[in-house]
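input10.cif follows; it contains mmCIF, C-alpha atoms.
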data_start
loop_
_atom_site.group_PDB
_atom_site.id
_atom_site.type_symbol
_atom_site.label_atom_id
_atom_site.label_comp_id
_atom_site.auth_asym_id
_atom_site.auth_seq_id
_atom_site.Cartn_x
_atom_site.Cartn_y
_atom_site.Cartn_z
ATOM 1 C CA MET A 1 77.662 -101.197 -153.069
ATOM 2 C CA LYS A 2 74.551 -102.532 -151.317
ATOM 3 C CA ALA A 3 72.215 -99.958 -149.803
ATOM 4 C CA VAL A 4 68.627 -99.337 -148.685
ATOM 5 C CA MET A 5 67.044 -96.852 -151.106
ATOM 6 C CA GLN A 6 63.755 -94.991 -151.468
ATOM 7 C CA ASP A 7 62.301 -93.141 -154.475
ATOM 8 C CA ARG A 8 58.888 -92.128 -153.081
ATOM 9 C CA TYR A 9 57.364 -91.331 -149.713
ATOM 10 C CA GLY A 10 55.460 -94.101 -147.984
ATOM 11 C CA SER A 11 55.696 -97.041 -145.616
ATOM 12 C CA ALA A 12 58.643 -99.370 -145.167
ATOM 13 C CA ASP A 13 57.384 -101.160 -148.285
ATOM 14 C CA THR A 14 58.828 -98.296 -150.361
ATOM 15 C CA LEU A 15 62.367 -99.187 -149.255
ATOM 16 C CA VAL A 16 64.445 -101.217 -151.703
ATOM 17 C CA PHE A 17 67.576 -103.172 -150.831
ATOM 18 C CA GLY A 18 69.854 -103.261 -153.843
ATOM 19 C CA GLU A 19 72.997 -102.138 -155.617
ATOM 20 C CA THR A 20 74.025 -98.526 -156.219
ATOM 21 C CA ASP A 21 77.239 -96.605 -156.846
ATOM 22 C CA ALA A 22 79.498 -96.053 -153.856
ATOM 23 C CA PRO A 23 79.909 -92.398 -152.877
ATOM 24 C CA VAL A 24 83.128 -90.519 -153.580
ATOM 25 C CA PRO A 25 84.406 -88.218 -150.816
ATOM 26 C CA ALA A 26 84.567 -84.493 -151.515
ATOM 27 C CA VAL A 27 87.504 -82.371 -150.371
ATOM 28 C CA ASP A 28 86.155 -82.078 -146.814
ATOM 29 C CA GLU A 29 84.592 -85.533 -146.548
ATOM 30 C CA VAL A 30 85.550 -88.931 -145.178
ATOM 31 C CA LEU A 31 84.486 -92.189 -146.837
ATOM 32 C CA VAL A 32 83.537 -94.718 -144.173
ATOM 33 C CA ARG A 33 82.997 -98.449 -144.554
ATOM 34 C CA VAL A 34 79.895 -98.846 -142.407
ATOM 35 C CA HIS A 35 79.837 -101.664 -139.856
ATOM 36 C CA ALA A 36 76.622 -100.631 -138.096
ATOM 37 C CA ALA A 37 73.950 -97.935 -138.289
ATOM 38 C CA SER A 38 71.021 -97.239 -136.000
ATOM 39 C CA VAL A 39 67.347 -96.456 -136.590
ATOM 40 C CA ASN A 40 65.999 -93.102 -135.406
ATOM 41 C CA ALA A 41 62.680 -91.269 -135.515
ATOM 42 C CA TYR A 42 64.384 -89.165 -138.182
ATOM 43 C CA ASP A 43 64.362 -92.198 -140.490
ATOM 44 C CA TRP A 44 60.634 -92.833 -140.364
ATOM 45 C CA HIS A 45 59.813 -89.123 -140.491
ATOM 46 C CA LEU A 46 61.834 -88.916 -143.699
ATOM 47 C CA MET A 47 60.529 -92.235 -145.047
ATOM 48 C CA HIS A 48 56.892 -91.157 -144.645
ATOM 49 C CA GLY A 49 57.520 -87.495 -145.405
ATOM 50 C CA ASP A 50 55.707 -86.824 -142.135
ATOM 51 C CA PRO A 51 54.704 -84.292 -141.001
ATOM 52 C CA LYS A 52 53.948 -82.996 -144.473
ATOM 53 C CA ILE A 53 55.297 -79.538 -143.686
ATOM 54 C CA ALA A 54 58.734 -81.164 -143.261
ATOM 55 C CA ARG A 55 58.742 -81.976 -147.000
ATOM 56 C CA LEU A 56 59.809 -78.385 -147.519
ATOM 57 C CA VAL A 57 63.146 -79.624 -146.131
ATOM 58 C CA PHE A 58 63.056 -83.338 -147.017
ATOM 59 C CA GLY A 59 61.957 -82.825 -150.654
ATOM 60 C CA LEU A 60 58.517 -81.955 -152.010
ATOM 61 C CA ALA A 61 57.825 -84.949 -154.262
ATOM 62 C CA LYS A 62 60.290 -87.494 -152.875
ATOM 63 C CA PRO A 63 63.193 -87.617 -150.408
ATOM 64 C CA ARG A 64 66.206 -85.651 -151.597
ATOM 65 C CA ALA A 65 68.440 -88.107 -149.770
ATOM 66 C CA ARG A 66 67.790 -91.375 -151.605
ATOM 67 C CA ILE A 67 69.529 -93.741 -149.155
ATOM 68 C CA ARG A 68 68.015 -94.052 -145.678
ATOM 69 C CA GLY A 69 69.921 -94.062 -142.392
ATOM 70 C CA ARG A 70 71.559 -91.249 -140.479
ATOM 71 C CA ASP A 71 74.110 -92.347 -137.871
ATOM 72 C CA PHE A 72 76.802 -94.984 -138.147
ATOM 73 C CA ALA A 73 80.015 -96.536 -136.883
ATOM 74 C CA GLY A 74 82.729 -98.024 -139.060
ATOM 75 C CA ARG A 75 86.262 -97.700 -140.424
ATOM 76 C CA VAL A 76 87.675 -94.948 -142.597
ATOM 77 C CA GLU A 77 88.159 -96.140 -146.166
ATOM 78 C CA ALA A 78 89.446 -92.913 -147.761
ATOM 79 C CA VAL A 79 89.617 -89.182 -147.042
ATOM 80 C CA GLY A 80 89.198 -86.056 -149.136
ATOM 81 C CA SER A 81 92.242 -83.951 -149.959
ATOM 82 C CA GLY A 82 91.334 -81.344 -147.351
ATOM 83 C CA VAL A 83 90.919 -83.777 -144.456
ATOM 84 C CA THR A 84 93.811 -84.051 -141.991
ATOM 85 C CA GLY A 85 92.223 -85.501 -138.848
ATOM 86 C CA PHE A 86 91.497 -89.004 -140.124
ATOM 87 C CA LYS A 87 93.255 -91.730 -142.092
ATOM 88 C CA PRO A 88 92.229 -95.070 -143.595
ATOM 89 C CA GLY A 89 91.685 -97.719 -140.948
ATOM 90 C CA ASP A 90 90.555 -95.320 -138.175
ATOM 91 C CA GLU A 91 87.500 -96.506 -136.245
ATOM 92 C CA VAL A 92 84.932 -93.689 -136.273
ATOM 93 C CA TYR A 93 81.302 -92.883 -135.546
ATOM 94 C CA GLY A 94 79.112 -89.990 -136.588
ATOM 95 C CA GLU A 95 76.204 -88.698 -138.662
ATOM 96 C CA ALA A 96 75.487 -88.432 -142.382
ATOM 97 C CA ASP A 97 72.515 -89.158 -144.619
ATOM 98 C CA GLY A 98 72.844 -92.511 -146.380
ATOM 99 C CA ALA A 99 74.104 -94.665 -143.503
ATOM 100 C CA PHE A 100 72.058 -97.767 -144.416
ATOM 101 C CA ALA A 101 74.708 -98.775 -146.924
ATOM 102 C CA GLU A 102 78.097 -100.441 -147.156
ATOM 103 C CA PHE A 103 79.767 -97.023 -147.495
ATOM 104 C CA VAL A 104 78.819 -93.497 -146.479
ATOM 105 C CA CYS A 105 80.474 -90.103 -146.963
ATOM 106 C CA ALA A 106 80.456 -87.752 -143.976
ATOM 107 C CA LYS A 107 81.784 -84.231 -143.486
ATOM 108 C CA ASP A 108 84.948 -84.438 -141.385
ATOM 109 C CA GLY A 109 83.287 -82.253 -138.723
ATOM 110 C CA MET A 110 80.406 -84.720 -138.379
ATOM 111 C CA LEU A 111 82.352 -87.725 -137.150
ATOM 112 C CA GLY A 112 84.910 -88.565 -134.504
ATOM 113 C CA PRO A 113 86.912 -91.481 -133.069
ATOM 114 C CA LYS A 114 84.679 -94.338 -131.912
ATOM 115 C CA PRO A 115 84.505 -94.949 -128.141
ATOM 116 C CA ALA A 116 87.231 -97.524 -127.568
ATOM 117 C CA ASN A 117 85.197 -99.606 -125.111
ATOM 118 C CA LEU A 118 82.167 -100.054 -127.377
ATOM 119 C CA THR A 119 81.389 -102.383 -130.252
ATOM 120 C CA PHE A 120 80.481 -100.894 -133.619
ATOM 121 C CA GLU A 121 76.848 -101.768 -132.915
ATOM 122 C CA GLN A 122 76.878 -99.937 -129.576
ATOM 123 C CA ALA A 123 78.737 -96.941 -130.978
ATOM 124 C CA ALA A 124 76.297 -96.592 -133.882
ATOM 125 C CA ALA A 125 73.469 -96.165 -131.370
ATOM 126 C CA ILE A 126 74.946 -92.959 -129.945
ATOM 127 C CA PRO A 127 75.445 -90.110 -132.445
ATOM 128 C CA LEU A 128 71.980 -88.739 -133.251
ATOM 129 C CA ALA A 129 70.168 -89.812 -130.083
ATOM 130 C CA GLY A 130 73.021 -89.025 -127.706
ATOM 131 C CA ASN A 131 73.664 -85.668 -129.339
ATOM 132 C CA THR A 132 69.983 -84.734 -129.120
ATOM 133 C CA ALA A 133 69.860 -85.541 -125.405
ATOM 134 C CA LEU A 134 73.160 -83.733 -124.783
ATOM 135 C CA ILE A 135 72.030 -80.535 -126.502
ATOM 136 C CA GLY A 136 68.596 -80.620 -124.893
ATOM 137 C CA LEU A 137 69.811 -80.977 -121.326
ATOM 138 C CA ARG A 138 73.269 -79.380 -121.307
ATOM 139 C CA ASP A 139 72.939 -76.579 -123.842
ATOM 140 C CA VAL A 140 69.251 -75.670 -124.058
ATOM 141 C CA ALA A 141 67.940 -76.414 -120.554
ATOM 142 C CA GLY A 142 71.265 -75.898 -118.771
ATOM 143 C CA VAL A 143 70.457 -78.603 -116.224
ATOM 144 C CA ARG A 144 72.157 -78.035 -112.870
ATOM 145 C CA HIS A 145 72.838 -80.160 -109.811
ATOM 146 C CA GLY A 146 69.794 -80.543 -107.591
ATOM 147 C CA GLN A 147 67.191 -79.678 -110.215
ATOM 148 C CA SER A 148 64.181 -81.881 -110.910
ATOM 149 C CA VAL A 149 64.015 -83.117 -114.511
ATOM 150 C CA LEU A 150 61.181 -84.999 -116.196
ATOM 151 C CA VAL A 151 61.883 -86.905 -119.422
ATOM 152 C CA ASN A 152 58.745 -87.635 -121.455
ATOM 153 C CA GLY A 153 59.527 -90.608 -123.687
ATOM 154 C CA ALA A 154 62.282 -91.908 -121.446
ATOM 155 C CA SER A 155 62.502 -95.416 -122.920
ATOM 156 C CA GLY A 156 63.172 -94.331 -126.502
ATOM 157 C CA GLY A 157 66.526 -93.789 -128.170
ATOM 158 C CA VAL A 158 66.958 -90.172 -127.057
ATOM 159 C CA GLY A 159 65.166 -90.774 -123.765
ATOM 160 C CA THR A 160 67.507 -93.504 -122.553
ATOM 161 C CA PHE A 161 70.458 -91.157 -123.037
ATOM 162 C CA ALA A 162 68.567 -88.231 -121.487
ATOM 163 C CA VAL A 163 67.884 -90.151 -118.268
ATOM 164 C CA GLN A 164 71.570 -91.045 -117.945
ATOM 165 C CA LEU A 165 72.825 -87.545 -118.784
ATOM 166 C CA ALA A 166 70.423 -85.871 -116.361
ATOM 167 C CA LYS A 167 71.867 -88.072 -113.614
ATOM 168 C CA VAL A 168 75.411 -87.169 -114.729
ATOM 169 C CA TYR A 169 74.460 -83.507 -114.242
ATOM 170 C CA GLY A 170 73.189 -84.229 -110.728
ATOM 171 C CA ALA A 171 69.455 -83.922 -111.334
ATOM 172 C CA GLU A 172 66.591 -85.783 -109.696
ATOM 173 C CA VAL A 173 65.080 -87.613 -112.665
ATOM 174 C CA THR A 174 61.491 -88.622 -113.323
ATOM 175 C CA ALA A 175 61.081 -90.878 -116.354
ATOM 176 C CA VAL A 176 57.788 -91.228 -118.233
ATOM 177 C CA CYS A 177 57.352 -94.462 -120.201
ATOM 178 C CA GLY A 178 55.024 -97.401 -120.833
ATOM 179 C CA THR A 179 54.475 -100.295 -118.453
ATOM 180 C CA ARG A 180 56.878 -102.710 -120.154
ATOM 181 C CA ASN A 181 59.762 -100.236 -119.908
ATOM 182 C CA VAL A 182 59.562 -99.285 -116.235
ATOM 183 C CA ASP A 183 62.383 -101.610 -115.197
ATOM 184 C CA LEU A 184 64.571 -100.428 -118.080
ATOM 185 C CA VAL A 185 64.468 -96.744 -117.145
ATOM 186 C CA ARG A 186 64.975 -97.578 -113.477
ATOM 187 C CA SER A 187 68.121 -99.476 -114.442
ATOM 188 C CA LEU A 188 69.390 -96.340 -116.204
ATOM 189 C CA GLY A 189 69.184 -94.343 -112.989
ATOM 190 C CA ALA A 190 65.709 -92.785 -112.952
ATOM 191 C CA ASP A 191 64.714 -91.772 -109.425
ATOM 192 C CA HIS A 192 60.997 -91.901 -110.188
ATOM 193 C CA VAL A 193 59.042 -93.581 -112.984
ATOM 194 C CA ILE A 194 55.581 -92.625 -114.253
ATOM 195 C CA ASP A 195 53.690 -95.176 -116.325
ATOM 196 C CA TYR A 196 51.823 -92.973 -118.805
ATOM 197 C CA LYS A 197 49.172 -95.681 -119.218
ATOM 198 C CA ARG A 198 48.209 -95.222 -115.576
ATOM 199 C CA GLU A 199 49.002 -91.599 -114.807
ATOM 200 C CA ASP A 200 49.038 -88.283 -116.661
ATOM 201 C CA PHE A 201 52.020 -86.322 -115.348
ATOM 202 C CA THR A 202 50.557 -83.050 -116.629
ATOM 203 C CA ARG A 203 47.648 -83.452 -114.200
ATOM 204 C CA GLY A 204 49.617 -84.673 -111.197
ATOM 205 C CA GLY A 205 50.609 -82.509 -108.290
ATOM 206 C CA ARG A 206 54.330 -82.371 -108.903
ATOM 207 C CA ARG A 207 56.143 -79.547 -110.699
ATOM 208 C CA TYR A 208 59.536 -79.858 -112.398
ATOM 209 C CA ASP A 209 62.403 -77.473 -113.061
ATOM 210 C CA VAL A 210 62.901 -78.996 -116.520
ATOM 211 C CA VAL A 211 60.593 -81.011 -118.770
ATOM 212 C CA LEU A 212 62.248 -82.583 -121.815
ATOM 213 C CA ASP A 213 59.495 -83.658 -124.211
ATOM 214 C CA LEU A 214 60.422 -86.291 -126.792
ATOM 215 C CA VAL A 215 56.892 -87.345 -127.771
ATOM 216 C CA GLY A 216 54.634 -84.325 -128.297
ATOM 217 C CA ASN A 217 51.594 -86.122 -126.864
ATOM 218 C CA HIS A 218 50.303 -83.353 -124.582
ATOM 219 C CA SER A 219 49.111 -79.825 -125.116
ATOM 220 C CA LEU A 220 51.378 -76.868 -124.476
ATOM 221 C CA ALA A 221 49.130 -75.907 -121.559
ATOM 222 C CA GLY A 222 49.528 -79.399 -120.128
ATOM 223 C CA PHE A 223 53.312 -79.282 -120.307
ATOM 224 C CA ARG A 224 53.329 -75.859 -118.665
ATOM 225 C CA ARG A 225 51.202 -77.164 -115.782
ATOM 226 C CA ALA A 226 53.992 -79.634 -115.039
ATOM 227 C CA LEU A 227 56.594 -76.846 -114.747
ATOM 228 C CA THR A 228 57.548 -74.693 -111.797
ATOM 229 C CA PRO A 229 56.678 -70.995 -112.280
ATOM 230 C CA THR A 230 60.147 -70.380 -113.746
ATOM 231 C CA GLY A 231 60.755 -73.878 -115.126
ATOM 232 C CA THR A 232 62.058 -74.830 -118.560
ATOM 233 C CA LEU A 233 60.226 -76.813 -121.246
ATOM 234 C CA VAL A 234 62.343 -78.238 -124.072
ATOM 235 C CA LEU A 235 60.396 -79.474 -127.104
ATOM 236 C CA SER A 236 62.095 -81.994 -129.374
ATOM 237 C CA GLY A 237 59.297 -82.971 -131.753
ATOM 238 C CA GLY A 238 60.100 -86.687 -132.105
ATOM 239 C CA GLY A 239 56.572 -88.017 -131.799
ATOM 240 C CA VAL A 240 55.073 -91.286 -132.979
ATOM 241 C CA TYR A 241 53.604 -92.097 -136.378
ATOM 242 C CA GLU A 242 49.802 -92.023 -136.398
ATOM 243 C CA GLY A 243 49.032 -92.284 -140.088
ATOM 244 C CA GLY A 244 50.281 -88.936 -141.331
ATOM 245 C CA SER A 245 49.751 -85.304 -140.379
ATOM 246 C CA VAL A 246 50.357 -81.781 -141.618
ATOM 247 C CA PHE A 247 52.207 -80.429 -138.588
ATOM 248 C CA GLY A 248 52.557 -83.378 -136.161
ATOM 249 C CA PRO A 249 54.536 -82.561 -132.997
ATOM 250 C CA MET A 250 55.804 -79.425 -134.755
ATOM 251 C CA GLY A 251 52.417 -77.862 -134.009
ATOM 252 C CA LEU A 252 53.670 -77.369 -130.460
ATOM 253 C CA PHE A 253 56.583 -75.334 -131.828
ATOM 254 C CA PHE A 254 54.230 -72.866 -133.479
ATOM 255 C CA LYS A 255 52.207 -72.454 -130.270
ATOM 256 C CA ARG A 256 55.353 -72.114 -128.163
ATOM 257 C CA ARG A 257 56.674 -68.990 -129.833
ATOM 258 C CA PRO A 258 53.898 -66.515 -128.955
ATOM 259 C CA ALA A 259 53.376 -68.101 -125.537
ATOM 260 C CA ALA A 260 57.074 -67.683 -124.688
ATOM 261 C CA LEU A 261 56.818 -63.907 -125.119
ATOM 262 C CA PHE A 262 54.482 -63.574 -122.139
ATOM 263 C CA SER A 263 55.695 -66.273 -119.766
ATOM 264 C CA ARG A 264 58.181 -66.447 -116.912
ATOM 265 C CA GLN A 265 58.651 -70.075 -117.880
ATOM 266 C CA ARG A 266 61.293 -70.814 -120.485
ATOM 267 C CA LEU A 267 59.592 -72.478 -123.460
ATOM 268 C CA LEU A 268 62.309 -73.637 -125.832
ATOM 269 C CA GLU A 269 62.930 -75.793 -128.910
ATOM 270 C CA LEU A 270 65.697 -78.323 -129.314
ATOM 271 C CA PRO A 271 67.863 -77.546 -132.356
ATOM 272 C CA ALA A 272 69.767 -80.219 -134.290
ATOM 273 C CA LYS A 273 73.420 -79.157 -134.196
ATOM 274 C CA GLN A 274 75.885 -81.946 -134.867
ATOM 275 C CA SER A 275 79.553 -81.359 -134.111
ATOM 276 C CA ARG A 276 82.808 -83.206 -133.578
ATOM 277 C CA ALA A 277 83.029 -81.563 -130.144
ATOM 278 C CA ASN A 278 79.747 -83.155 -129.069
ATOM 279 C CA LEU A 279 80.844 -86.553 -130.389
ATOM 280 C CA ALA A 280 84.038 -86.154 -128.341
ATOM 281 C CA ALA A 281 82.004 -85.335 -125.233
ATOM 282 C CA LEU A 282 79.786 -88.373 -125.774
ATOM 283 C CA ARG A 283 82.838 -90.578 -126.370
ATOM 284 C CA GLU A 284 84.366 -89.424 -123.083
ATOM 285 C CA LEU A 285 81.111 -90.118 -121.231
ATOM 286 C CA ALA A 286 80.869 -93.582 -122.789
ATOM 287 C CA GLU A 287 84.495 -94.499 -122.131
ATOM 288 C CA SER A 288 84.183 -93.392 -118.496
ATOM 289 C CA GLY A 289 81.064 -95.532 -118.050
ATOM 290 C CA LYS A 290 78.780 -92.568 -117.309
ATOM 291 C CA ILE A 291 76.496 -93.348 -120.241
ATOM 292 C CA ALA A 292 75.888 -96.608 -122.061
ATOM 293 C CA PRO A 293 73.824 -97.233 -125.190
ATOM 294 C CA VAL A 294 70.960 -99.695 -124.847
ATOM 295 C CA VAL A 295 70.388 -101.805 -127.971
ATOM 296 C CA GLU A 296 67.138 -103.767 -128.028
ATOM 297 C CA ARG A 297 67.515 -105.494 -131.404
ATOM 298 C CA THR A 298 69.824 -105.778 -134.395
ATOM 299 C CA TYR A 299 68.903 -106.455 -138.018
ATOM 300 C CA PRO A 300 71.116 -107.160 -141.055
ATOM 301 C CA LEU A 301 71.277 -104.432 -143.702
ATOM 302 C CA SER A 302 69.018 -106.464 -145.994
ATOM 303 C CA GLU A 303 66.278 -106.214 -143.336
ATOM 304 C CA ALA A 304 66.604 -102.485 -142.628
ATOM 305 C CA ALA A 305 63.026 -101.928 -143.801
ATOM 306 C CA GLU A 306 61.815 -104.355 -141.145
ATOM 307 C CA ALA A 307 63.962 -102.570 -138.554
ATOM 308 C CA ILE A 308 62.244 -99.254 -139.325
ATOM 309 C CA ARG A 309 58.835 -100.950 -139.379
ATOM 310 C CA TYR A 310 59.534 -102.393 -135.936
ATOM 311 C CA VAL A 311 60.435 -98.977 -134.546
ATOM 312 C CA VAL A 312 57.275 -97.393 -136.003
ATOM 313 C CA VAL A 313 54.758 -100.129 -135.218
ATOM 314 C CA GLU A 314 56.112 -101.712 -132.037
ATOM 315 C CA HIS A 315 57.449 -98.508 -130.424
ATOM 316 C CA ALA A 316 60.844 -100.056 -129.821
ATOM 317 C CA ARG A 317 62.574 -99.484 -126.537
ATOM 318 C CA ALA A 318 65.976 -97.793 -126.642
ATOM 319 C CA LYS A 319 67.840 -98.368 -129.912
ATOM 320 C CA VAL A 320 67.474 -100.667 -132.898
ATOM 321 C CA VAL A 321 70.676 -101.210 -134.886
ATOM 322 C CA VAL A 322 71.322 -102.331 -138.468
ATOM 323 C CA THR A 323 74.516 -104.321 -139.018
ATOM 324 C CA VAL A 324 76.429 -104.188 -142.299
#

Give the structure from this file in structure tokens form.
Amino acid sequence: MKAVMQDRYGSADTLVFGETDAPVPAVDEVLVRVHAASVNAYDWHLMHGDPKIARLVFGLAKPRARIRGRDFAGRVEAVGSGVTGFKPGDEVYGEADGAFAEFVCAKDGMLGPKPANLTFEQAAAIPLAGNTALIGLRDVAGVRHGQSVLVNGASGGVGTFAVQLAKVYGAEVTAVCGTRNVDLVRSLGADHVIDYKREDFTRGGRRYDVVLDLVGNHSLAGFRRALTPTGTLVLSGGGVYEGGSVFGPMGLFFKRRPAALFSRQRLLELPAKQSRANLAALRELAESGKIAPVVERTYPLSEAAEAIRYVVVEHARAKVVVTV
């Protein structure tokens, strides 16, 4: 099969488009013929091995997962002997390492039926980013009707879903983004928009019940200034690539832990917990029209390296999708 592979950490130039063996599903896995996959911050973090401390998980000398890509949409090709919920021909979406390829194997608990009203390209934009926003706002922050929520990095993949979900939960939403994306986040339902090039929300006068940080571009003290005395900060650690670092946005995580012991404010981290239940919740929200993926660009599989380069260098708005 054709796939986008990597045998050493580095820039998009280390990615190779070529032939490799197709995966074979294990007992609890589903083999999916990929129709589309999307680019996430996860991809460039793994590609660069950045921050370096993450190599303890990614692989010390080179990525353990050789094929790039994480979330996908496609059709079931085959199922393992222990899988009962899917059959060949089913349209599905989900998460698994190795999605920038013609075929990918995913655990049966990591995928679900594709939203019926979306194309494969639109559906592929949801799993990782939508799940991150869902967990951050619903599970970690516990956003309630009437609360004020600020999303830092509102025009990115996770941010565009976070703005929409916060509105679903009845919050008053302030979106932080760059000048060129102001109209985009307004169209997604943001009540207020802060252009970070003109205003620093951590030094403004307003305080928020919840701050969802998807960039890591302020100090912990700065984020706390933007919270009410009992507000909630949720750190995601997405960040932007600035040439390599040891800790990157994860440095905020280390500072959060001791500070949280002595604060009335809730200072929390956003865990990555994929599940079929969350994919079902996102599918229901998409099919009811309450959330909609925003796809800025699409690239063919052979140009996946350029797709990742665009996300890193140009700071893409919303989602970039690779078609197979």

- Would you mind listing what lies within 12 Å of Gly289 in chain A as an MDAnalysis selection string, with all atoms listed in the file counted and same-chain residues fewer than 6 positions away left out? chainID A and resid 115:118 164:165 168 188 282:283

- Message: Given all atoms listed in the file as the basis, pick out the residue of A:Val83, A:Ala3, A:Val143, A:Ala318 nearest to Gly18 in chain A.
- Response: A:Ala3

- In Å, with one decimal, what is the gap from CA of Ala316 in chain A to CA of Leu15 in chain A? 19.5 Å

- Quick one, how far is CA of Val313 in chain A from CA of Leu60 in chain A? 25.0 Å

Per residue of range 116-158 of chain A within 10 Å of range 95-98 of chain A, what are the shortest atom pair and its distance in Å to one decimal, counting all atoms listed in the file, with rows by chain and residue number, as CSV?
residue,atom,partner,partner_atom,distance
A:Ala124,CA,A:Glu95,CA,9.2
A:Ile126,CA,A:Glu95,CA,9.8
A:Pro127,CA,A:Glu95,CA,6.4
A:Leu128,CA,A:Glu95,CA,6.9

- Task: Could you please determine the separation between CA of Thr202 in chain A and CA of Trp44 in chain A in Å, to one decimal place?
- Result: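 Those two atoms sit 27.6 Å apart.
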
- For Val234 in chain A: contacts at 8 Å, all atoms listed in the file, fewer than 2 positions along chain excluded, given as a ChimeraX atom specification: /A:136,140-141,210-213,232,236,267-270
